[in-house]
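Trainee: Quick one: this structure, given as structure tokens, is what I'll be asking you about.
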Amino acid sequence: HSVGGLVCMNVAAQNQGDVAGICLLNPAGRYGSIVPPELTPVAGDVLRIPFVSNAVGRWLFGKVSDRESLRAFLKDVYADKSKVDDELLDSVLGGVDRAIGPELYTSLFNSERSRRWDQLLLAEEKGYQGPILGLWGDEDPWVQPIFAGMLQDLRPDMELEYIDAGHFPHDERPEEVNAKLCEWMGRVTASPPDYTVFVPPRQQKVPLTLRSLF
């Protein structure tokens, strides 16, 4: 989901032999960096300038660390405003670490750029070639449905389902999302993959022993 979707694509592209399929829920990072997807790569480069990323990261952290700011922030990205309740706010605020929070949010913008969606999902780019399910909140103001179409243009074999939700479809419509995910998982794990697995030369499986950990 969101930033995790980009992480998921990277892991799948590098470990195809171990991945039966990936499910993407409103994934971010179209250009390989965590910037609003409607912005150009140049805008992403501007956000990587230290004083810019620091200012934006601290602003974002302020939004998620203050209860009322967080409430307003989440209501902007939830289609069903009733889901933004005290239980949700408590779950988010309970994980806020004020000591490292600003630095963490700054790192979303100034960290090393990942491979782009096309580089992670196309065969000619040695990207992930297995099954993909897209579950997309169609009222997401951040990663809008147009980007679901772009993703499907890259991978026409991707199964795409729209959910009546905002940026967090799995929280707004958990029963619907879970049902679609479980049905798809049952299908993709019922038979072995029929695609060629690319294993990058640098990826080597090493037996894990206690000695190898130290």
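Chain lettering (A, B, ...) mirrors the order of the structure tokens, residue numbering begins at 1 for each chain separately, and ligand numbering begins at 1 in order of display.
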Write out as a PyMOL selection string all residues of region 47-176 of chain A that backbone DSSP assigns to strand (DSSP E or B).
Mentor: chain A and resi 132-137+159-163
Trainee: I need the residues of region 4-198 of chain A that end up classed as alpha helix (DSSP H) by DSSP on the backbone, written out as a VMD selection string.
Mentor: chain A and resid 4 to 14 41 to 47 50 to 65 67 to 75 86 to 93 101 to 110 117 to 121 145 to 154 169 to 172 174 to 188
Trainee: Got a sec: who's within 7 Å of region 74-88 of chain A, counting only C-alpha atoms, leaving out chain neighbours fewer than 6 positions off, as a PyMOL selection string?
Mentor: chain A and resi 139-141+165-168+172
Trainee: Which value, in Å to one decimal, gives the distance between CA of Gly17 (chain A) and CA of Gly130 (chain A)?
Mentor: 9.6 Å
Trainee: For a quick check of understanding, using only C-alpha atoms, which of A:Thr106, A:Ser114, A:Asn10, A:Asn15 has the smallest distance to Arg48 (chain A)?
Mentor: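 Once distances to Arg48 (chain A) are computed over only C-alpha atoms, the minimum belongs to A:Thr106.
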Trainee: Using only C-alpha atoms for the distances, tell me which of A:Asp171, A:Phe61, A:Ile22, A:Gln119 is nearest to Pro131 (chain A).
Mentor: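 Checking each of A:Asp171, A:Phe61, A:Ile22, A:Gln119 against Pro131 (chain A), counting only C-alpha atoms, the winner is A:Ile22.
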Trainee: May I ask for the distance between CA of Pro27 (chain A) and CA of Pro169 (chain A), given in Å to one decimal place?
Mentor: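 Calculated distance between CA of Pro27 (chain A) and CA of Pro169 (chain A) is 11.6 Å.
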Trainee: Which value, in Å to one decimal, gives the distance between CA of Glu159 (chain A) and CA of Lys180 (chain A)?
Mentor: 10.7 Å
Trainee: Which residues are close to region 6-8 of chain A, i.e. within 8 Å by only C-alpha atoms, leaving aside same-chain residues fewer than 4 positions away? Reply as an MDAnalysis selection string.
Mentor: chainID A and resid 2 12 22 27:29 32 117
Trainee: With N, CA and C atoms retained, export the selected residues as a compact mmCIF listing (two decimals), in the first residue's frame.
Mentor:
```
# COMPACT_ATOMS: atom_id res chain seq x y z
N SER A 2 0.52 2.22 -0.86
CA SER A 2 1.19 3.52 -0.88
C SER A 2 2.71 3.35 -1.03
N ALA A 12 9.80 -7.79 -5.18
CA ALA A 12 9.36 -8.79 -6.15
C ALA A 12 10.31 -8.86 -7.35
N ILE A 22 1.87 -10.26 -6.50
CA ILE A 22 1.89 -9.07 -5.66
C ILE A 22 0.55 -8.34 -5.78
N PRO A 27 -0.52 2.28 -4.93
CA PRO A 27 0.92 2.40 -4.72
C PRO A 27 1.47 3.77 -5.11
N ALA A 28 2.45 4.23 -4.37
CA ALA A 28 3.13 5.49 -4.66
C ALA A 28 4.44 5.20 -5.39
N GLY A 29 5.15 6.26 -5.76
CA GLY A 29 6.50 6.10 -6.29
C GLY A 29 6.59 5.82 -7.77
N GLY A 32 9.92 6.40 -8.89
CA GLY A 32 10.98 5.83 -8.07
C GLY A 32 11.30 6.66 -6.84
N TRP A 117 8.36 2.57 -11.90
CA TRP A 117 7.37 1.51 -12.09
C TRP A 117 7.70 0.66 -13.33
```
